[in-house]
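Pasted below: work.txt, compact mmCIF, C-alpha atoms.
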```txt
# COMPACT_ATOMS: atom_id res chain seq x y z
CA MET S 11 30.65 59.68 -19.21
CA GLU S 12 32.26 59.25 -15.82
CA LYS S 13 35.83 60.51 -15.46
CA LEU S 14 38.33 57.69 -15.80
CA LYS S 15 41.01 57.00 -13.20
CA VAL S 16 44.05 55.17 -14.48
CA LEU S 17 47.07 53.92 -12.55
CA PHE S 18 50.18 53.03 -14.51
CA HIS S 19 52.59 50.71 -12.70
CA ILE S 20 56.19 50.59 -13.88
CA ASN S 21 59.01 48.59 -12.33
CA GLU S 22 61.45 48.17 -15.23
CA ASN S 23 63.33 51.18 -16.51
CA GLU S 24 62.98 49.93 -20.13
CA ARG S 25 59.20 50.44 -20.03
CA TRP S 26 59.09 54.23 -19.65
CA GLU S 27 58.82 54.87 -23.36
CA VAL S 28 55.80 52.58 -23.61
CA LEU S 29 54.23 54.11 -20.49
CA ILE S 30 54.69 57.65 -21.76
CA GLY S 31 53.20 56.66 -25.13
CA ASN S 32 50.23 55.01 -23.44
CA ALA S 33 49.51 57.97 -21.17
CA THR S 34 49.86 60.39 -24.08
CA ASN S 35 47.41 58.39 -26.20
CA LEU S 36 44.98 58.16 -23.31
CA LEU S 37 45.03 61.95 -22.83
CA LYS S 38 44.60 62.51 -26.57
CA ASP S 39 41.64 60.14 -26.60
CA VAL S 40 39.63 61.39 -23.62
CA GLY S 41 41.15 64.80 -22.86
CA LYS S 42 42.65 65.97 -19.60
CA GLU S 43 39.17 66.59 -18.21
CA GLY S 44 38.30 62.97 -18.94
CA VAL S 45 40.93 61.17 -16.88
CA ASP S 46 42.96 61.24 -13.70
CA ILE S 47 46.32 59.59 -14.29
CA ALA S 48 48.68 58.33 -11.61
CA VAL S 49 52.06 56.74 -12.31
CA VAL S 50 53.75 54.68 -9.62
CA ALA S 51 57.37 53.72 -10.23
CA ASN S 52 59.15 51.16 -8.09
CA GLY S 53 62.14 48.88 -8.56
CA PRO S 54 64.83 49.91 -11.05
CA SER S 55 62.34 52.07 -12.96
CA VAL S 56 62.82 54.87 -10.43
CA SER S 57 66.06 55.76 -12.19
CA GLY S 58 63.86 57.07 -15.03
CA TYR S 59 63.15 59.99 -12.70
CA THR S 60 66.74 61.16 -13.24
CA ASP S 61 66.72 60.92 -17.04
CA GLU S 62 66.39 64.34 -18.66
CA LYS S 63 64.70 63.19 -21.84
CA LYS S 64 62.15 61.08 -19.98
CA LEU S 65 61.59 63.85 -17.45
CA SER S 66 60.74 66.28 -20.22
CA ALA S 67 57.99 63.97 -21.49
CA MET S 68 56.77 63.31 -17.95
CA LYS S 69 56.58 67.02 -17.24
CA ASP S 70 54.34 67.48 -20.30
CA LEU S 71 52.04 64.84 -18.85
CA ALA S 72 52.22 66.36 -15.37
CA GLU S 73 51.07 69.67 -16.82
CA LYS S 74 48.00 67.82 -18.07
CA GLY S 75 47.32 66.53 -14.57
CA ALA S 76 49.23 63.26 -14.37
CA LYS S 77 50.69 62.50 -10.93
CA PHE S 78 54.12 60.88 -10.72
CA ILE S 79 55.04 58.86 -7.65
CA ALA S 80 58.36 57.29 -6.63
CA CYS S 81 58.87 54.47 -4.13
CA ARG S 82 61.34 55.43 -1.39
CA ASN S 83 62.35 51.80 -0.79
CA SER S 84 63.38 51.62 -4.44
CA LEU S 85 65.24 54.93 -4.37
CA LYS S 86 67.25 53.69 -1.40
CA LYS S 87 67.97 50.36 -3.05
CA MET S 88 69.60 52.13 -6.02
CA CYS S 89 72.56 52.93 -3.75
CA SER S 90 73.61 49.31 -3.88
CA GLY S 91 73.39 49.16 -7.69
CA LYS S 92 75.81 50.06 -10.44
CA ASP S 93 74.13 53.41 -11.18
CA GLY S 94 74.50 54.65 -7.63
CA CYS S 95 72.25 56.52 -5.23
CA ILE S 96 69.37 58.75 -6.18
CA ASN S 97 69.17 61.72 -3.87
CA GLU S 98 65.53 62.47 -3.06
CA GLU S 99 66.25 66.17 -2.94
CA MET S 100 67.50 66.04 -6.51
CA LEU S 101 64.16 64.80 -7.86
CA SER S 102 61.94 67.20 -9.79
CA ALA S 103 59.29 68.94 -7.74
CA PHE S 104 56.43 67.25 -9.62
CA ILE S 105 57.50 63.82 -8.37
CA GLN S 106 55.92 62.70 -5.11
CA ILE S 107 57.77 60.25 -2.90
CA VAL S 108 55.94 57.58 -0.90
CA PRO S 109 57.41 55.14 1.61
CA ALA S 110 56.34 52.03 -0.35
CA GLY S 111 55.24 52.07 -3.97
CA ILE S 112 53.31 48.83 -3.61
CA THR S 113 51.09 50.36 -0.94
CA ALA S 114 50.31 53.28 -3.25
CA ILE S 115 49.48 50.88 -6.08
CA ALA S 116 47.02 49.00 -3.89
CA ARG S 117 45.54 52.12 -2.33
CA LYS S 118 44.88 53.76 -5.69
CA GLN S 119 42.93 50.70 -6.81
CA THR S 120 40.73 50.92 -3.72
CA GLU S 121 40.08 54.53 -4.81
CA GLY S 122 38.73 53.24 -8.15
CA TYR S 123 41.82 53.51 -10.31
CA ALA S 124 42.13 50.96 -13.12
CA TYR S 125 45.49 49.17 -13.16
CA VAL S 126 47.66 49.16 -16.27
CA LYS S 127 51.13 47.63 -16.56
CA PRO S 128 52.69 49.05 -19.74
CA MET W 24 28.32 32.04 -8.54
CA GLU W 25 28.40 35.40 -10.27
CA LYS W 26 29.63 35.44 -13.86
CA LEU W 27 33.27 36.45 -14.07
CA LYS W 28 34.49 39.27 -16.30
CA VAL W 29 38.14 39.05 -17.29
CA LEU W 30 40.20 41.51 -19.30
CA PHE W 31 43.46 40.28 -20.78
CA HIS W 32 45.93 43.03 -21.66
CA ILE W 33 48.69 42.22 -24.13
CA ASN W 34 51.29 44.64 -25.48
CA GLU W 35 54.15 42.34 -26.49
CA ASN W 36 53.69 40.04 -29.45
CA GLU W 37 55.63 37.25 -27.68
CA ARG W 38 52.88 36.89 -25.08
CA TRP W 39 50.05 35.67 -27.32
CA GLU W 40 50.75 32.01 -26.68
CA VAL W 41 50.54 32.56 -22.92
CA LEU W 42 47.39 34.65 -23.28
CA ILE W 43 45.66 32.06 -25.47
CA GLY W 44 46.61 29.32 -23.01
CA ASN W 45 45.30 31.35 -20.07
CA ALA W 46 41.99 32.15 -21.76
CA THR W 47 41.58 28.52 -22.83
CA ASN W 48 42.18 27.27 -19.29
CA LEU W 49 39.77 29.85 -17.89
CA LEU W 50 37.02 28.72 -20.27
CA LYS W 51 37.69 25.07 -19.48
CA ASP W 52 37.48 25.84 -15.77
CA VAL W 53 34.29 27.90 -15.58
CA GLY W 54 32.62 27.29 -18.96
CA LYS W 55 31.59 29.87 -21.51
CA GLU W 56 28.48 30.64 -19.47
CA GLY W 57 30.72 31.44 -16.49
CA VAL W 58 32.87 34.20 -17.90
CA ASP W 59 32.95 37.20 -20.22
CA ILE W 60 36.43 37.54 -21.71
CA ALA W 61 37.81 40.64 -23.39
CA VAL W 62 41.29 40.86 -24.91
CA VAL W 63 42.81 44.27 -25.57
CA ALA W 64 45.97 44.33 -27.70
CA ASN W 65 48.09 47.45 -28.02
CA GLY W 66 51.71 48.15 -28.89
CA PRO W 67 53.57 45.62 -31.05
CA SER W 68 51.20 42.84 -29.98
CA VAL W 69 48.66 44.02 -32.57
CA SER W 70 50.71 42.26 -35.23
CA GLY W 71 49.43 39.01 -33.69
CA TYR W 72 46.13 39.86 -35.37
CA THR W 73 47.75 39.12 -38.73
CA ASP W 74 49.28 35.76 -37.75
CA GLU W 75 47.26 32.88 -39.17
CA LYS W 76 48.13 30.34 -36.51
CA LYS W 77 47.33 32.74 -33.68
CA LEU W 78 44.15 33.86 -35.44
CA SER W 79 42.95 30.29 -35.61
CA ALA W 80 43.28 29.91 -31.83
CA MET W 81 41.69 33.34 -31.25
CA LYS W 82 38.75 32.42 -33.45
CA ASP W 83 38.11 29.32 -31.34
CA LEU W 84 38.00 31.58 -28.29
CA ALA W 85 35.82 34.15 -30.08
CA GLU W 86 33.32 31.38 -30.84
CA LYS W 87 33.12 30.82 -27.09
CA GLY W 88 32.33 34.48 -26.54
CA ALA W 89 35.74 36.15 -26.13
CA LYS W 90 35.94 39.67 -27.56
CA PHE W 91 39.15 40.73 -29.29
CA ILE W 92 40.03 44.42 -29.47
CA ALA W 93 42.82 46.21 -31.34
CA CYS W 94 44.22 49.67 -30.61
CA ARG W 95 44.11 51.92 -33.69
CA ASN W 96 47.04 54.02 -32.45
CA SER W 97 49.12 50.85 -32.36
CA LEU W 98 47.97 49.66 -35.79
CA LYS W 99 49.03 53.01 -37.25
CA LYS W 100 52.37 52.91 -35.48
CA MET W 101 53.23 49.60 -37.16
CA CYS W 102 53.71 51.51 -40.42
CA SER W 103 56.93 52.96 -39.08
CA GLY W 104 58.28 49.55 -37.98
CA LYS W 105 60.13 46.80 -39.82
CA ASP W 106 57.03 44.64 -40.32
CA GLY W 107 55.14 47.38 -42.13
CA CYS W 108 51.58 48.66 -41.99
CA ILE W 109 48.56 46.70 -40.85
CA ASN W 110 45.55 47.56 -42.98
CA GLU W 111 42.47 47.76 -40.76
CA GLU W 112 40.30 46.39 -43.52
CA MET W 113 42.45 43.27 -43.66
CA LEU W 114 41.70 42.34 -40.04
CA SER W 115 39.33 39.47 -39.32
CA ALA W 116 35.74 40.47 -38.72
CA PHE W 117 35.77 39.27 -35.11
CA ILE W 118 38.39 41.89 -34.17
CA GLN W 119 37.01 45.20 -32.97
CA ILE W 120 39.10 48.35 -33.44
CA VAL W 121 39.08 51.13 -30.86
CA PRO W 122 40.79 54.53 -31.10
CA ALA W 123 42.98 53.97 -28.01
CA GLY W 124 43.53 50.57 -26.41
CA ILE W 125 44.43 52.12 -23.06
CA THR W 126 41.03 53.78 -22.82
CA ALA W 127 39.35 50.42 -23.46
CA ILE W 128 41.50 48.79 -20.77
CA ALA W 129 40.48 51.41 -18.23
CA ARG W 130 36.81 51.45 -19.26
CA LYS W 131 36.49 47.67 -19.00
CA GLN W 132 37.78 47.80 -15.43
CA THR W 133 35.14 50.37 -14.50
CA GLU W 134 32.63 47.84 -15.90
CA GLY W 135 33.86 45.27 -13.39
CA TYR W 136 36.38 43.39 -15.48
CA ALA W 137 39.35 41.91 -13.61
CA TYR W 138 42.72 42.81 -15.15
CA VAL W 139 45.19 40.12 -16.16
CA LYS W 140 48.53 40.71 -17.88
CA PRO W 141 49.65 37.33 -19.24
CA MET B 270 42.14 52.98 7.35
CA GLU B 271 40.50 50.03 5.68
CA LYS B 272 42.52 46.84 5.46
CA LEU B 273 44.19 46.46 2.07
CA LYS B 274 43.79 43.34 -0.07
CA VAL B 275 46.59 42.76 -2.55
CA LEU B 276 46.89 40.03 -5.17
CA PHE B 277 50.32 39.41 -6.67
CA HIS B 278 50.29 37.62 -10.02
CA ILE B 279 53.44 35.87 -11.15
CA ASN B 280 53.87 33.82 -14.33
CA GLU B 281 57.63 34.02 -14.95
CA ASN B 282 59.99 32.23 -12.61
CA GLU B 283 62.50 35.11 -12.83
CA ARG B 284 60.10 37.48 -11.05
CA TRP B 285 59.95 35.76 -7.66
CA GLU B 286 62.72 37.89 -6.18
CA VAL B 287 60.86 41.07 -7.13
CA LEU B 288 57.56 39.69 -5.85
CA ILE B 289 59.06 38.67 -2.52
CA GLY B 290 60.68 42.11 -2.15
CA ASN B 291 57.40 43.84 -2.97
CA ALA B 292 55.38 41.78 -0.51
CA THR B 293 58.01 42.26 2.19
CA ASN B 294 57.99 46.03 1.69
CA LEU B 295 54.21 46.10 1.75
CA LEU B 296 54.10 44.24 5.06
CA LYS B 297 56.79 46.50 6.52
CA ASP B 298 54.79 49.55 5.44
CA VAL B 299 51.30 48.67 6.66
CA GLY B 300 51.89 45.75 9.04
CA LYS B 301 50.35 42.30 8.86
CA GLU B 302 47.14 43.64 10.39
CA GLY B 303 46.94 46.16 7.54
CA VAL B 304 46.87 43.87 4.54
CA ASP B 305 45.66 40.54 3.19
CA ILE B 306 48.15 39.25 0.61
CA ALA B 307 47.46 36.54 -1.94
CA VAL B 308 50.03 35.27 -4.43
CA VAL B 309 48.86 33.36 -7.49
CA ALA B 310 51.55 31.60 -9.53
CA ASN B 311 50.83 30.16 -12.94
CA GLY B 312 52.92 29.30 -15.98
CA PRO B 313 56.61 28.48 -15.47
CA SER B 314 56.67 30.45 -12.20
CA VAL B 315 55.18 27.45 -10.38
CA SER B 316 58.63 25.91 -10.36
CA GLY B 317 59.52 28.55 -7.77
CA TYR B 318 57.48 26.47 -5.35
CA THR B 319 60.21 23.81 -5.46
CA ASP B 320 63.14 26.19 -4.85
CA GLU B 321 64.38 25.96 -1.28
CA LYS B 322 65.73 29.49 -1.04
CA LYS B 323 62.55 31.02 -2.44
CA LEU B 324 60.41 28.76 -0.26
CA SER B 325 62.20 30.00 2.83
CA ALA B 326 61.31 33.62 1.98
CA MET B 327 57.75 32.63 1.06
CA LYS B 328 57.32 30.82 4.36
CA ASP B 329 58.33 33.98 6.24
CA LEU B 330 55.59 35.82 4.33
CA ALA B 331 53.08 33.01 4.90
CA GLU B 332 53.72 33.30 8.62
CA LYS B 333 52.64 36.93 8.32
CA GLY B 334 49.41 35.87 6.65
CA ALA B 335 50.25 35.76 2.93
CA LYS B 336 48.43 33.04 0.99
CA PHE B 337 50.33 31.21 -1.75
CA ILE B 338 48.40 29.59 -4.57
CA ALA B 339 49.58 27.33 -7.42
CA CYS B 340 47.79 26.64 -10.70
CA ARG B 341 47.27 22.90 -11.29
CA ASN B 342 47.21 23.35 -15.08
CA SER B 343 50.67 24.87 -14.82
CA LEU B 344 51.98 22.18 -12.49
CA LYS B 345 50.86 19.54 -14.98
CA LYS B 346 52.38 21.39 -17.91
CA MET B 347 55.82 21.30 -16.24
CA CYS B 348 55.95 17.56 -17.05
CA SER B 349 56.51 18.39 -20.70
CA GLY B 350 59.30 20.88 -19.95
CA LYS B 351 63.02 20.47 -19.38
CA ASP B 352 62.74 20.69 -15.57
CA GLY B 353 60.29 17.82 -15.36
CA CYS B 354 57.14 17.19 -13.37
CA ILE B 355 56.21 18.83 -10.11
CA ASN B 356 54.48 16.37 -7.83
CA GLU B 357 51.63 18.10 -6.04
CA GLU B 358 52.19 16.02 -2.95
CA MET B 359 55.74 17.31 -2.71
CA LEU B 360 54.64 20.94 -2.37
CA SER B 361 54.89 22.63 1.01
CA ALA B 362 51.74 22.54 3.09
CA PHE B 363 51.32 26.33 2.99
CA ILE B 364 50.80 26.26 -0.80
CA GLN B 365 47.21 25.88 -1.95
CA ILE B 366 46.50 24.29 -5.33
CA VAL B 367 43.63 25.50 -7.51
CA PRO B 368 42.45 23.98 -10.82
CA ALA B 369 43.11 27.17 -12.84
CA GLY B 370 45.24 30.06 -11.62
CA ILE B 371 43.54 32.54 -13.95
CA THR B 372 40.17 31.85 -12.34
CA ALA B 373 41.67 32.54 -8.91
CA ILE B 374 43.20 35.79 -10.18
CA ALA B 375 39.83 36.97 -11.49
CA ARG B 376 37.87 35.78 -8.47
CA LYS B 377 40.20 37.55 -6.02
CA GLN B 378 39.65 40.83 -7.85
CA THR B 379 35.87 40.44 -7.53
CA GLU B 380 36.56 40.06 -3.80
CA GLY B 381 38.21 43.47 -3.76
CA TYR B 382 41.84 42.51 -4.16
CA ALA B 383 44.06 45.00 -5.98
CA TYR B 384 46.09 43.45 -8.81
CA VAL B 385 49.87 43.79 -8.91
CA LYS B 386 52.16 42.18 -11.47
CA PRO B 387 55.70 42.40 -10.05
```
What would you get if you wrote out this structure as structure tokens?
Amino acid sequence: MEKLKVLFHINENERWEVLIGNATNLLKDVGKEGVDIAVVANGPSVSGYTDEKKLSAMKDLAEKGAKFIACRNSLKKMCSGKDGCINEEMLSAFIQIVPAGITAIARKQTEGYAYVKP
Amino acid sequence: MEKLKVLFHINENERWEVLIGNATNLLKDVGKEGVDIAVVANGPSVSGYTDEKKLSAMKDLAEKGAKFIACRNSLKKMCSGKDGCINEEMLSAFIQIVPAGITAIARKQTEGYAYVKP
Amino acid sequence: MEKLKVLFHINENERWEVLIGNATNLLKDVGKEGVDIAVVANGPSVSGYTDEKKLSAMKDLAEKGAKFIACRNSLKKMCSGKDGCINEEMLSAFIQIVPAGITAIARKQTEGYAYVKP
């Protein structure tokens, strides 16, 4: 069967646990050869990229091929929030930064990725 | 006009009423000959498949051709929650069980289904 | 690069601020020549179409080509809620009304629009 392409969109920080569970189940079900996974985080969810416990689970997924993407607009916006700035240079190397998460979400769908909002 | 294909994704049990309303309105608008509807429930939303009132509304939709799918991973996970296990054999006959709901959600989109998260 | 087509789906009135931010960032990133934006509001989110502050931001987006669509089923349903009826004739001229928002959401995806739920 054709390799699946799945895009997970997250914009609320509370949804990471669900997303990580979903991606883990997907990989268990079809195997890492059976799916390309991309995760695009925008809005307050980008702060998940600074959470050690979440990062550990993400890294496991990244080692199975999942791509993790952060929205630069959202990273910048954190500076005006209560949790403070996220320094791009502090982010783990497996996280790719794009200028606008929404553009990446749309572009991935034109590349045949299925959209999932956990 | 070409027959529509619509996939409803639900993962929170609180969203069933909205989903059922959406699917009902869709069928009223284009007729059962005008659309193929699939509903994939994962996460805590699978407990909706044991709620008599919701089941009654789902059955009406199923009689108009809507397919209802449950994620086995999610059914199993219920055993560790406060509401207790859901026994697969107790589910209504019109509900199909798949190993991983996320895979079904992705696969349906490759088959041309539009994604809707109610 | 090919022009993007992006469909924003909103069904909760609390999500307008996020949606407007997302659409604004998208337009900043790719320019109004780079994307066709459609916004479909159903459920309680249709009351956003009567909020002056939100309308002002929407109008800015509409002037950059974004299409705003309201679900008639949802407008009618407001009559039974605490905020009362929304009179179709009172809506701003840039808002298009369709019989069923869900049909529009599905149809747009068959036309190549990427789905985003802000």
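For the pair CA of Asn45 (chain W) and CA of Glu321 (chain B), the separation is 27.3 Å.
For the pair CA of Asp52 (chain W) and CA of Ile366 (chain B), the interatomic distance is 13.9 Å.
Residues within 7 Å of Lys127 (chain S), counting all atoms listed in the file and excluding same-chain residues fewer than 2 positions away, are Phe18, His19, Ile20 and Tyr125 of chain S.
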If you count only C-alpha atoms, which residues fall within 9 Å of Val309 (chain B), apart from same-chain ones fewer than 4 positions away, as a PyMOL selection string?
chain B and resi 276-280+336-340+370-371+373-374
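Relative to CA of Ala46 (chain W), CA of Cys108 (chain W) is found at 27.8 Å.
Using only C-alpha atoms, the shortest contact distance between chain B and any of W:Leu98, W:Ala137, W:Met113, W:Met24 is found at W:Ala137.
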Please, which residues of chain B lie no more than 7 Å from chain W when the count uses only C-alpha atoms, and can they be set out as a short mmCIF file (atom, residue, chain, number, x, y, z; two decimals) with C-alpha atoms, in the frame of the given file?
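Ended up saving to out_39.cif:
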```cif
data_model
loop_
_atom_site.label_atom_id
_atom_site.label_comp_id
_atom_site.auth_asym_id
_atom_site.auth_seq_id
_atom_site.Cartn_x
_atom_site.Cartn_y
_atom_site.Cartn_z
CA ALA B 369 43.11 27.17 -12.84
CA ILE B 371 43.54 32.54 -13.95
CA THR B 372 40.17 31.85 -12.34
CA ALA B 375 39.83 36.97 -11.49
CA GLN B 378 39.65 40.83 -7.85
#
```
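Remark: for Asp320 (chain B), the closest of the candidate residues B:Trp285, B:Glu357, B:Thr379, B:Asn342 is B:Trp285 (distances computed over all atoms listed in the file).
Comparing W:Thr73, W:Ser103, W:Ser79, W:Ser68 by their smallest distance to Arg38 (chain W), the closest is W:Ser68 (using all atoms listed in the file).
Excluding Gly317 (chain B) itself and any same-chain residue fewer than 4 positions from it, the protein and nucleic acid residues within 9 Å of it, counting all atoms listed in the file, are Asn282, Glu283, Trp285, Ala310, Pro313, Glu321, Lys323 and Leu324 of chain B.
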If the box runs along x, y and z of the file and leaves 8 Å on each side of region 114-129 of chain W, what are its centre and edge lengths in Å, one decimal, as JSON?
```
{"center_x": 40.1, "center_y": 46.9, "center_z": -29.1, "size_x": 24.7, "size_y": 31.3, "size_z": 37.8}
```
